[in-house]
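*Asks:* Quick one: this structure, given as structure tokens, is what I'll be asking you about.
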Amino acid sequence: MRSALLPAAVLALLTSCSPGNDRQNDTGMANDASGGMSSRDTAPSSVPAPAGTDTGGSAEATPAAILSQMNVANTMEIQLSRMASKQATTPAVKRIATQLVTDHSKNRREVTALAKKLNVSLTPASGGNVSASDSAAMPDELQGKSGSEFDRSFVQHQVQLHENNIQKIQSQLLPAVQEPQLKAYLQKTLKEMQGHLATLEKTEQQISS
């Protein structure tokens, strides 16, 4: 989905995934959830080693870069999940798609607030200019599908996406981030994503039985 807007070395991070967190309308993750740069990944694909390590000029794990990518990831997840909530035919899938929209919207608001606190800009160069009004492309594995086939594929897609992003946050982003507030945000987002994953896996079992 509009991956051309993202730097090659960075995959956007999904944010907020736990169903049941504060539910606020239309923008974030924990009550607005998240989408990514590609059909499989949304977290930065290449995060530089912690300070003091020679990275050879690879992507930066700066607050501005990470938050810009999180902003894009949330926006794309909102777009995809909003489309899925309309196209899905199974009540359980409609519910999780709607929850993802709500949670990622809330998370996106949190990204904006944190960027202001840290006095950093969500820059277009880092993909920060993607807006909710931009259209998202349906991932290849969902194109041309409808009914129960679409429902199963959407849930499977989201399960894989969340698993990938959880792993990236744990193994790449958190070890590389030094800024305390950004680290706390990522830790919170990680828990929310794990909550989303649990709900997605439960939904997957329901529609497969």
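Note on naming: chains are A, B, ... as they come in the structure tokens, residues start from 1 per chain, ligands start from 1 in the order shown.
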Counting only C-alpha atoms, give me one row per residue of segment 61-114 of chain A with an atom at most 12 Å from an atom of segment 185-190 of chain A, showing the shortest contact pair and its distance in Å to one decimal, sorted by chain then residue number, as JSON lines.
*Replies:*
```
{"residue": "A:Pro63", "atom": "CA", "partner": "A:Tyr185", "partner_atom": "CA", "distance": 11.0}
{"residue": "A:Ile66", "atom": "CA", "partner": "A:Leu186", "partner_atom": "CA", "distance": 9.9}
{"residue": "A:Leu67", "atom": "CA", "partner": "A:Leu186", "partner_atom": "CA", "distance": 10.0}
{"residue": "A:Met70", "atom": "CA", "partner": "A:Leu186", "partner_atom": "CA", "distance": 10.0}
{"residue": "A:Asn74", "atom": "CA", "partner": "A:Thr189", "partner_atom": "CA", "distance": 11.3}
{"residue": "A:Asp103", "atom": "CA", "partner": "A:Thr189", "partner_atom": "CA", "distance": 10.3}
{"residue": "A:His104", "atom": "CA", "partner": "A:Thr189", "partner_atom": "CA", "distance": 10.0}
{"residue": "A:Lys106", "atom": "CA", "partner": "A:Thr189", "partner_atom": "CA", "distance": 10.9}
{"residue": "A:Asn107", "atom": "CA", "partner": "A:Thr189", "partner_atom": "CA", "distance": 7.9}
{"residue": "A:Arg108", "atom": "CA", "partner": "A:Thr189", "partner_atom": "CA", "distance": 10.8}
{"residue": "A:Glu110", "atom": "CA", "partner": "A:Tyr185", "partner_atom": "CA", "distance": 8.4}
{"residue": "A:Val111", "atom": "CA", "partner": "A:Tyr185", "partner_atom": "CA", "distance": 8.5}
{"residue": "A:Thr112", "atom": "CA", "partner": "A:Tyr185", "partner_atom": "CA", "distance": 11.8}
{"residue": "A:Ala113", "atom": "CA", "partner": "A:Tyr185", "partner_atom": "CA", "distance": 11.0}
{"residue": "A:Leu114", "atom": "CA", "partner": "A:Tyr185", "partner_atom": "CA", "distance": 8.5}
```
*Asks:* Using only C-alpha atoms, I'd like a table of the residues in segment 69-97 of chain A that come within 12 Å of segment 152-173 of chain A; for each, show the closest atom pair and its distance in Å rounded to one decimal, ordered by chain and ascending number, as JSON lines.
*Replies:*
```
{"residue": "A:Met70", "atom": "CA", "partner": "A:Asn165", "partner_atom": "CA", "distance": 11.3}
{"residue": "A:Ala73", "atom": "CA", "partner": "A:Asn165", "partner_atom": "CA", "distance": 10.7}
{"residue": "A:Glu77", "atom": "CA", "partner": "A:Gln158", "partner_atom": "CA", "distance": 9.6}
{"residue": "A:Leu80", "atom": "CA", "partner": "A:Phe154", "partner_atom": "CA", "distance": 9.5}
{"residue": "A:Ser81", "atom": "CA", "partner": "A:Phe154", "partner_atom": "CA", "distance": 8.9}
{"residue": "A:Arg82", "atom": "CA", "partner": "A:Phe154", "partner_atom": "CA", "distance": 11.8}
{"residue": "A:Met83", "atom": "CA", "partner": "A:Phe154", "partner_atom": "CA", "distance": 10.6}
{"residue": "A:Ala84", "atom": "CA", "partner": "A:Phe154", "partner_atom": "CA", "distance": 7.4}
{"residue": "A:Ser85", "atom": "CA", "partner": "A:Phe154", "partner_atom": "CA", "distance": 10.2}
{"residue": "A:Gln87", "atom": "CA", "partner": "A:Phe154", "partner_atom": "CA", "distance": 10.2}
{"residue": "A:Ala88", "atom": "CA", "partner": "A:Phe154", "partner_atom": "CA", "distance": 8.6}
{"residue": "A:Thr89", "atom": "CA", "partner": "A:Arg152", "partner_atom": "CA", "distance": 10.4}
{"residue": "A:Thr90", "atom": "CA", "partner": "A:Arg152", "partner_atom": "CA", "distance": 9.4}
{"residue": "A:Ala92", "atom": "CA", "partner": "A:Val155", "partner_atom": "CA", "distance": 10.2}
{"residue": "A:Val93", "atom": "CA", "partner": "A:Val155", "partner_atom": "CA", "distance": 7.3}
{"residue": "A:Lys94", "atom": "CA", "partner": "A:Val155", "partner_atom": "CA", "distance": 10.3}
{"residue": "A:Arg95", "atom": "CA", "partner": "A:Val155", "partner_atom": "CA", "distance": 11.4}
{"residue": "A:Ile96", "atom": "CA", "partner": "A:Val155", "partner_atom": "CA", "distance": 8.7}
{"residue": "A:Ala97", "atom": "CA", "partner": "A:Val155", "partner_atom": "CA", "distance": 8.8}
```
*Asks:* Quick one: write out the picked residues with N, CA and C atoms as a short mmCIF file (atom, residue, chain, number, x, y, z; two decimals), in the first residue's frame?
*Replies:*
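Saved result, again23.cif, follows:
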```
data_model
loop_
_atom_site.label_atom_id
_atom_site.label_comp_id
_atom_site.auth_asym_id
_atom_site.auth_seq_id
_atom_site.Cartn_x
_atom_site.Cartn_y
_atom_site.Cartn_z
N MET A 70 5.58 5.12 11.99
CA MET A 70 4.43 4.64 12.73
C MET A 70 3.17 5.35 12.27
N ALA A 73 2.22 3.70 9.03
CA ALA A 73 1.74 2.34 9.27
C ALA A 73 0.32 2.36 9.82
N GLU A 77 -3.03 0.90 7.94
CA GLU A 77 -3.81 -0.14 8.60
C GLU A 77 -5.26 0.30 8.74
N LEU A 80 -6.91 -0.13 5.25
CA LEU A 80 -7.19 -1.52 4.89
C LEU A 80 -8.30 -2.11 5.75
N SER A 81 -8.23 -1.86 7.05
CA SER A 81 -9.24 -2.43 7.94
C SER A 81 -10.61 -1.82 7.72
N ARG A 82 -10.62 -0.56 7.34
CA ARG A 82 -11.91 0.09 7.04
C ARG A 82 -12.55 -0.57 5.81
N MET A 83 -11.73 -0.85 4.80
CA MET A 83 -12.25 -1.53 3.61
C MET A 83 -12.75 -2.93 3.97
N ALA A 84 -11.96 -3.61 4.83
CA ALA A 84 -12.32 -4.98 5.22
C ALA A 84 -13.61 -5.00 6.03
N SER A 85 -13.82 -3.99 6.86
CA SER A 85 -15.04 -3.96 7.68
C SER A 85 -16.28 -3.86 6.81
N GLN A 87 -16.30 -5.01 3.50
CA GLN A 87 -16.36 -6.15 2.58
C GLN A 87 -16.56 -7.48 3.29
N ALA A 88 -16.18 -7.58 4.53
CA ALA A 88 -16.31 -8.85 5.26
C ALA A 88 -17.77 -9.26 5.41
N THR A 89 -18.00 -10.54 5.43
CA THR A 89 -19.37 -11.04 5.56
C THR A 89 -19.61 -11.71 6.92
N THR A 90 -18.54 -12.10 7.61
CA THR A 90 -18.66 -12.75 8.91
C THR A 90 -18.67 -11.69 10.01
N ALA A 92 -17.80 -11.73 13.10
CA ALA A 92 -16.56 -11.69 13.89
C ALA A 92 -15.45 -10.95 13.15
N VAL A 93 -15.39 -11.12 11.84
CA VAL A 93 -14.36 -10.44 11.05
C VAL A 93 -14.67 -8.96 10.94
N LYS A 94 -15.94 -8.62 10.79
CA LYS A 94 -16.33 -7.21 10.76
C LYS A 94 -15.95 -6.54 12.08
N ARG A 95 -16.15 -7.27 13.19
CA ARG A 95 -15.83 -6.70 14.51
C ARG A 95 -14.34 -6.43 14.65
N ILE A 96 -13.50 -7.41 14.28
CA ILE A 96 -12.06 -7.21 14.46
C ILE A 96 -11.55 -6.14 13.51
N ALA A 97 -12.10 -6.07 12.30
CA ALA A 97 -11.67 -5.04 11.35
C ALA A 97 -12.02 -3.66 11.90
#
```
*Asks:* When you count only C-alpha atoms, which of these residues is closest to Gln178 of chain A: A:Leu122, A:Ala61, A:Ile207, A:Leu197?
*Replies:*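 Distance minimum relative to Gln178 of chain A lands on A:Ala61.
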*Asks:* Per DSSP on the backbone, what are the alpha helix (DSSP H) residues of segment 55-120 of chain A, as number ranges by chain?
*Replies:* A: 63-87, 91-117
*Asks:* Counting only C-alpha atoms, which residue out of A:Ser208, A:Ser148, A:Thr62, A:Thr98 sits closest to Leu118 of chain A?
*Replies:*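 Nearest candidate to Leu118 of chain A out of A:Ser208, A:Ser148, A:Thr62, A:Thr98: A:Thr62.
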*Asks:* Taking into account only C-alpha atoms, which residue in the set A:Gln79, A:Gln181, A:Gln206, A:Gln69 is nearest to Pro139 of chain A?
*Replies:*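 So, comparing all the options, the nearest one is A:Gln79.
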*Asks:* When distances are computed from only C-alpha atoms, which of A:Val120, A:Ile78, A:Ser209, A:Pro180 shows the smallest separation from Thr102 of chain A?
*Replies:*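 Answer, going by the shortest atom-to-atom distance: A:Ile78.
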*Asks:* Suppose you want the space between atom CA of Met193 of chain A and atom CA of Leu100 of chain A; what is it in Å?
*Replies:* 10.0 Å
